[in-house]
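Notes for the one structure printed next.
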There are 2 protein chains.
Amino acid sequence: MSMLAALLLFAQAPAAAVPAPYEPIESDWRTIPDDELLVMRLKGDRTVVIRLAASYAPLHVASIRKLARAHWWDGLSVYRVQENWVAQWGDASEKKPLAPGVPTHLPPEFEIAHFAPAQTLTRADPHSAVSGITADGWPVASDANGHQWLTHCYGMVNVARDADPTSGSGAEMSTPIGQSARRLDRNYALVGRVIAGMQHLSSLPRSDAPMGVYAEATERTPIVEMRLASDLPSAERPRFQYRAADNPRFAAMIRRRENPTAPTIGGGGVEVCEVPLEVRRAP
Amino acid sequence: MSMLAALLLFAQAPAAAVPAPYEPIESDWRTIPDDELLVMRLKGDRTVVIRLAASYAPLHVASIRKLARAHWWDGLSVYRVQENWVAQWGDASEKKPLAPGVPTHLPPEFEIAHFAPAQTLTRADPHSAVSGITADGWPVASDANGHQWLTHCYGMVNVARDADPTSGSGAEMSTPIGQSARRLDRNYALVGRVIAGMQHLSSLPRSDAPMGVYAEATERTPIVEMRLASDLPSAERPRFQYRAADNPRFAAMIRRRENPTAPTIGGGGVEVCEVPLEVRRAP
């Protein structure tokens, strides 16, 4: 084994002729509807694909769909990249009127309706009483009082807003690019997750300016266009499937993550943001 | 408050005329010895400063000091950057002989000697029985059987190695650039933490090649030189202080992190990798 290989043991499963118990079978892959894929094309032929949490933040996702259909983001930018915190995009001027029919204020949707995670993690994390993964592949948590929420993990997409909890419209979005910002849970609406092209956001130059907002407009990364996959011509449409969590293969994958193998045994458990939420291009 | 400001409430404390209970006082800042600062200069005038964990991984740090004094890293590179995983540097060829007197194998130092954290976090994390911060500002955890270790948080620096647990020399190092890789705890020796210039590693282009190792040598970022601050001319020497954790200000800062304020109250607790470990340039 090379000097590099050992560090990667846990990053990628080795190729195997016979599927291991933790590997998905064909029916574990479920198609993501075209209107739940938001495709952001950045200048320089960099494409970022966001899976929308349509059933968890329906009001915000409805507005995001309207904004995409109005081509609202075209010509705007990624205007904020703060080290070990977030990348954020939308209208840097904060002055562009929203598209017709898009409310400037929405009920917060910081929490979600009742769920039963398909996979419950065996050890509590510091931020919740229970955490786990839904059947359709989203990271969730709940407290002892019946509150449930999607969790702010690396690559999740939330809605920026003003101090007023109802002031998020969906026009300004951001994603954590470092240590998961779990303390934002229940404080910002989560509307999706970056499932392709995350490196185009995470590798952008950081800003030293206050809050990581680029001081100069020339530092921004222009958004060429942002569309629902369902609104793209069929030939250009990305098609993705997620790995469903409602099966013993997924449970075995979690267990495999929980305990590193040689040379020592870890402390057990895995944090909700460490569970891989796999996607693939539809075959 | 602007649309941007709300998202940043927890990122930076507001300026205040009277120090808040969670703000450090002057004596909380302690100088980091010059020979515990490793200064890596990358091509393009990008400087990364690593605080060495000299008292936690003394054998590896001794080798790292020898390699730095032999100018071993000069002309080598950052040769691996894997999305949401690690950036890694050293000798991409894996063939360069180590400097005289530097062992190719060392006892693992995956764990550390007994410690009593200055701050113990109030809620367990999934990877340990107890976690906290040492008086001198390092993230640590322990299990129920008396094992203790430094934790793999964003920006911590570990030693890459072969499958043999004793095969790490300190010549190849890597740092997590995404979700903290806590499952590497007790499996790789931690030798330091990036305390300045982390953005020069985290914003490097990701590689799509296996394990994130750049397929082409031209993709690598050259290391101009890597020196102990103590070996640099006094005028070029960076001087840093860490925020000590052995005081009630630090405890108050943790408590402030544990519970987001309006509009909702979080689940309480904070993960060990979410506690800010502050440094500053020595005044």
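For the structure tokens, the naming scheme is as follows: chains receive sequential letters (A, B, ...) according to their order of presentation, residues are indexed from 1 within each chain, and ligands are indexed from 1 in presentation order.
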Could you pull out the strand (DSSP E) residues of range 71-281 of chain A from DSSP and send them as a short mmCIF file (atom, residue, chain, number, x, y, z; two decimals) with C-alpha atoms, in the first residue's frame?
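And here is the file that came out, result_30.cif:
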data_model
loop_
_atom_site.label_atom_id
_atom_site.label_comp_id
_atom_site.auth_asym_id
_atom_site.auth_seq_id
_atom_site.Cartn_x
_atom_site.Cartn_y
_atom_site.Cartn_z
CA SER A 77 -22.96 36.23 -8.49
CA VAL A 78 -21.33 34.27 -5.71
CA TYR A 79 -20.42 37.36 -3.71
CA ARG A 80 -19.33 35.97 -0.37
CA VAL A 81 -16.85 33.22 0.47
CA VAL A 86 -20.00 29.59 3.89
CA ALA A 87 -20.18 30.46 0.22
CA GLN A 88 -23.20 32.64 -0.61
CA TRP A 89 -24.82 33.71 -3.85
CA GLY A 90 -27.63 35.89 -5.11
CA GLN A 119 -31.84 5.19 9.87
CA THR A 120 -31.40 6.39 13.43
CA VAL A 130 -32.06 11.91 17.92
CA SER A 131 -30.40 12.21 14.54
CA GLY A 132 -30.58 10.13 11.43
CA ILE A 133 -31.20 9.91 7.73
CA PRO A 139 -29.92 14.40 7.30
CA VAL A 140 -32.38 15.13 10.09
CA ALA A 141 -32.48 15.60 13.83
CA SER A 142 -35.02 16.12 16.55
CA GLN A 148 -37.62 18.15 13.90
CA TRP A 149 -35.29 19.78 11.41
CA LEU A 150 -32.94 19.22 8.53
CA MET A 156 -26.45 21.78 2.54
CA VAL A 157 -28.06 24.91 1.10
CA ASN A 158 -29.85 27.41 3.30
CA VAL A 159 -31.71 30.68 2.86
CA MET A 173 -28.65 31.12 -0.62
CA SER A 174 -25.51 29.85 1.06
CA THR A 175 -23.76 26.57 1.77
CA PRO A 176 -21.31 25.57 4.53
CA LEU A 190 -32.65 24.55 4.62
CA VAL A 191 -33.83 24.23 1.05
CA GLY A 192 -31.44 21.79 -0.55
CA ARG A 193 -28.04 20.19 -0.84
CA VAL A 194 -25.27 20.53 -3.40
CA ILE A 195 -25.01 17.13 -5.09
CA ALA A 196 -22.55 17.97 -7.89
CA THR A 221 -17.95 34.75 -9.50
CA PRO A 222 -20.70 35.54 -12.02
CA ILE A 223 -23.75 33.30 -12.29
CA VAL A 224 -24.41 32.69 -15.97
CA GLU A 225 -27.75 31.07 -15.36
CA MET A 226 -29.70 29.14 -12.78
CA ARG A 227 -32.45 26.82 -13.97
CA LEU A 228 -34.61 23.95 -12.84
CA PHE A 240 -29.52 12.20 -10.81
CA GLN A 241 -30.49 9.44 -8.45
CA TYR A 242 -30.05 9.40 -4.69
CA ARG A 243 -29.22 6.40 -2.57
CA VAL A 279 -25.96 10.36 -5.49
CA ARG A 280 -25.11 9.18 -8.97
CA ARG A 281 -25.86 10.22 -12.53
#
Legend entry - All residues 10 Å or closer to Ala209 in chain A, only C-alpha atoms, same chain fewer than 3 positions away omitted, as an MDAnalysis selection string: chainID A and resid 80:82 206 212:216
Could the residues in this selection be written to a file with N, CA and C atoms, as a PDB file, in the first residue's frame?
ATOM      1  N   ARG A  80     -19.862  36.112  -1.730  1.00  0.00           N
ATOM      2  CA  ARG A  80     -19.327  35.974  -0.374  1.00  0.00           C
ATOM      3  C   ARG A  80     -18.745  34.580  -0.201  1.00  0.00           C
ATOM      4  N   VAL A  81     -17.476  34.506   0.168  1.00  0.00           N
ATOM      5  CA  VAL A  81     -16.850  33.217   0.469  1.00  0.00           C
ATOM      6  C   VAL A  81     -15.979  33.427   1.703  1.00  0.00           C
ATOM      7  N   GLN A  82     -16.442  32.897   2.806  1.00  0.00           N
ATOM      8  CA  GLN A  82     -15.747  33.092   4.076  1.00  0.00           C
ATOM      9  C   GLN A  82     -15.119  31.780   4.531  1.00  0.00           C
ATOM     10  N   ARG A 206     -11.088  32.867  -0.817  1.00  0.00           N
ATOM     11  CA  ARG A 206     -11.713  33.429   0.382  1.00  0.00           C
ATOM     12  C   ARG A 206     -11.524  34.940   0.394  1.00  0.00           C
ATOM     13  N   GLY A 212     -16.576  37.948   5.029  1.00  0.00           N
ATOM     14  CA  GLY A 212     -16.229  37.210   3.820  1.00  0.00           C
ATOM     15  C   GLY A 212     -16.915  37.711   2.561  1.00  0.00           C
ATOM     16  N   VAL A 213     -17.507  38.907   2.635  1.00  0.00           N
ATOM     17  CA  VAL A 213     -18.140  39.488   1.444  1.00  0.00           C
ATOM     18  C   VAL A 213     -17.054  40.189   0.636  1.00  0.00           C
ATOM     19  N   TYR A 214     -16.877  39.767  -0.613  1.00  0.00           N
ATOM     20  CA  TYR A 214     -15.813  40.348  -1.438  1.00  0.00           C
ATOM     21  C   TYR A 214     -15.913  41.866  -1.435  1.00  0.00           C
ATOM     22  N   ALA A 215     -14.779  42.523  -1.188  1.00  0.00           N
ATOM     23  CA  ALA A 215     -14.762  43.986  -1.149  1.00  0.00           C
ATOM     24  C   ALA A 215     -14.932  44.574  -2.545  1.00  0.00           C
ATOM     25  N   GLU A 216     -14.443  43.862  -3.549  1.00  0.00           N
ATOM     26  CA  GLU A 216     -14.510  44.370  -4.917  1.00  0.00           C
ATOM     27  C   GLU A 216     -15.441  43.504  -5.756  1.00  0.00           C
TER      28      GLU A 216
END
Inset, instruction - For each of A:Arg249, A:Arg69, A:His127, A:His152, take the minimum atom-to-atom distance to chain B, counting only C-alpha atoms, then give the residue where this is smallest. - result: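 Under the stated criterion, the closest residue is A:His127.
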Legend entry - Residue among A:Thr218, A:Val102, A:Asn145, A:Glu83 lying closest to chain B, counting only C-alpha atoms: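 Of the candidates, the smallest distance to chain B is held by A:Glu83.
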Legend entry - Distance criterion (only C-alpha atoms): nearest to chain B out of A:Ala181, A:Ile64, A:Ile32, A:Val39: A:Ala181
Legend entry - Spatial neighbours of range 108-115 of chain A, max dist 6 Å, only C-alpha atoms, sep filter under 4 positions, as a list in words: Tyr56, Ala57, Gln148, Trp149, Pro165, Thr166, Arg186, Asn187, Tyr188 and Ala189 of chain A
Those same residues - N, CA and C atoms - I'd like them written as a short mmCIF file (atom, residue, chain, number, x, y, z; two decimals), in the first residue's frame.
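The result, written out as again-v4.cif:
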data_model
loop_
_atom_site.label_atom_id
_atom_site.label_comp_id
_atom_site.auth_asym_id
_atom_site.auth_seq_id
_atom_site.Cartn_x
_atom_site.Cartn_y
_atom_site.Cartn_z
N TYR A 56 -39.63 19.32 2.30
CA TYR A 56 -39.31 19.78 3.65
C TYR A 56 -39.42 21.30 3.80
N ALA A 57 -39.21 22.00 2.70
CA ALA A 57 -39.33 23.47 2.74
C ALA A 57 -40.16 23.90 1.53
N GLN A 148 -38.46 18.84 14.88
CA GLN A 148 -37.62 18.15 13.90
C GLN A 148 -37.06 19.15 12.90
N TRP A 149 -35.88 18.84 12.37
CA TRP A 149 -35.29 19.78 11.41
C TRP A 149 -34.27 19.06 10.54
N PRO A 165 -37.20 36.62 11.32
CA PRO A 165 -37.18 35.20 10.89
C PRO A 165 -38.00 34.94 9.63
N THR A 166 -38.92 35.84 9.31
CA THR A 166 -39.76 35.62 8.12
C THR A 166 -39.20 36.31 6.89
N ARG A 186 -32.29 25.14 12.82
CA ARG A 186 -33.50 25.74 13.39
C ARG A 186 -33.44 27.26 13.42
N ASN A 187 -32.51 27.80 12.69
CA ASN A 187 -32.35 29.25 12.67
C ASN A 187 -32.37 29.77 11.23
N TYR A 188 -32.13 28.87 10.31
CA TYR A 188 -32.17 29.20 8.88
C TYR A 188 -32.87 28.05 8.16
N ALA A 189 -33.67 28.41 7.19
CA ALA A 189 -34.39 27.38 6.42
C ALA A 189 -33.43 26.66 5.50
#
Inset, instruction - Using backbone DSSP assignments, extract all alpha helix (DSSP H) residues from range 150-252 of chain A; output them as a PyMOL selection string. - result: chain A and resi 199-202+248-252
Take the residues just selected and output them with N, CA and C atoms as an mmCIF file, in the first residue's frame.
data_model
loop_
_atom_site.group_PDB
_atom_site.id
_atom_site.type_symbol
_atom_site.label_atom_id
_atom_site.label_comp_id
_atom_site.auth_asym_id
_atom_site.auth_seq_id
_atom_site.Cartn_x
_atom_site.Cartn_y
_atom_site.Cartn_z
ATOM 1 N N GLN A 199 -17.141 21.489 -5.459
ATOM 2 C CA GLN A 199 -15.769 22.032 -5.510
ATOM 3 C C GLN A 199 -15.716 23.407 -6.169
ATOM 4 N N HIS A 200 -16.709 23.719 -7.002
ATOM 5 C CA HIS A 200 -16.691 25.037 -7.643
ATOM 6 C C HIS A 200 -17.049 26.149 -6.654
ATOM 7 N N LEU A 201 -17.675 25.783 -5.559
ATOM 8 C CA LEU A 201 -17.957 26.751 -4.500
ATOM 9 C C LEU A 201 -16.877 26.694 -3.415
ATOM 10 N N SER A 202 -16.499 25.471 -3.032
ATOM 11 C CA SER A 202 -15.569 25.327 -1.895
ATOM 12 C C SER A 202 -14.157 25.772 -2.229
ATOM 13 N N PRO A 248 -31.283 -2.356 4.453
ATOM 14 C CA PRO A 248 -30.175 -2.825 5.314
ATOM 15 C C PRO A 248 -28.786 -2.502 4.752
ATOM 16 N N ARG A 249 -28.676 -2.263 3.440
ATOM 17 C CA ARG A 249 -27.363 -1.882 2.902
ATOM 18 C C ARG A 249 -26.925 -0.543 3.487
ATOM 19 N N PHE A 250 -27.865 0.375 3.578
ATOM 20 C CA PHE A 250 -27.529 1.691 4.113
ATOM 21 C C PHE A 250 -27.139 1.576 5.591
ATOM 22 N N ALA A 251 -27.897 0.754 6.313
ATOM 23 C CA ALA A 251 -27.573 0.545 7.731
ATOM 24 C C ALA A 251 -26.170 -0.034 7.881
ATOM 25 N N ALA A 252 -25.824 -0.969 7.007
ATOM 26 C CA ALA A 252 -24.494 -1.585 7.078
ATOM 27 C C ALA A 252 -23.410 -0.559 6.748
#
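For the set B:Arg65, B:Arg237, B:Arg161, B:Arg220, the residue with the smallest atom-to-atom gap to chain A is B:Arg161, counting only C-alpha atoms.
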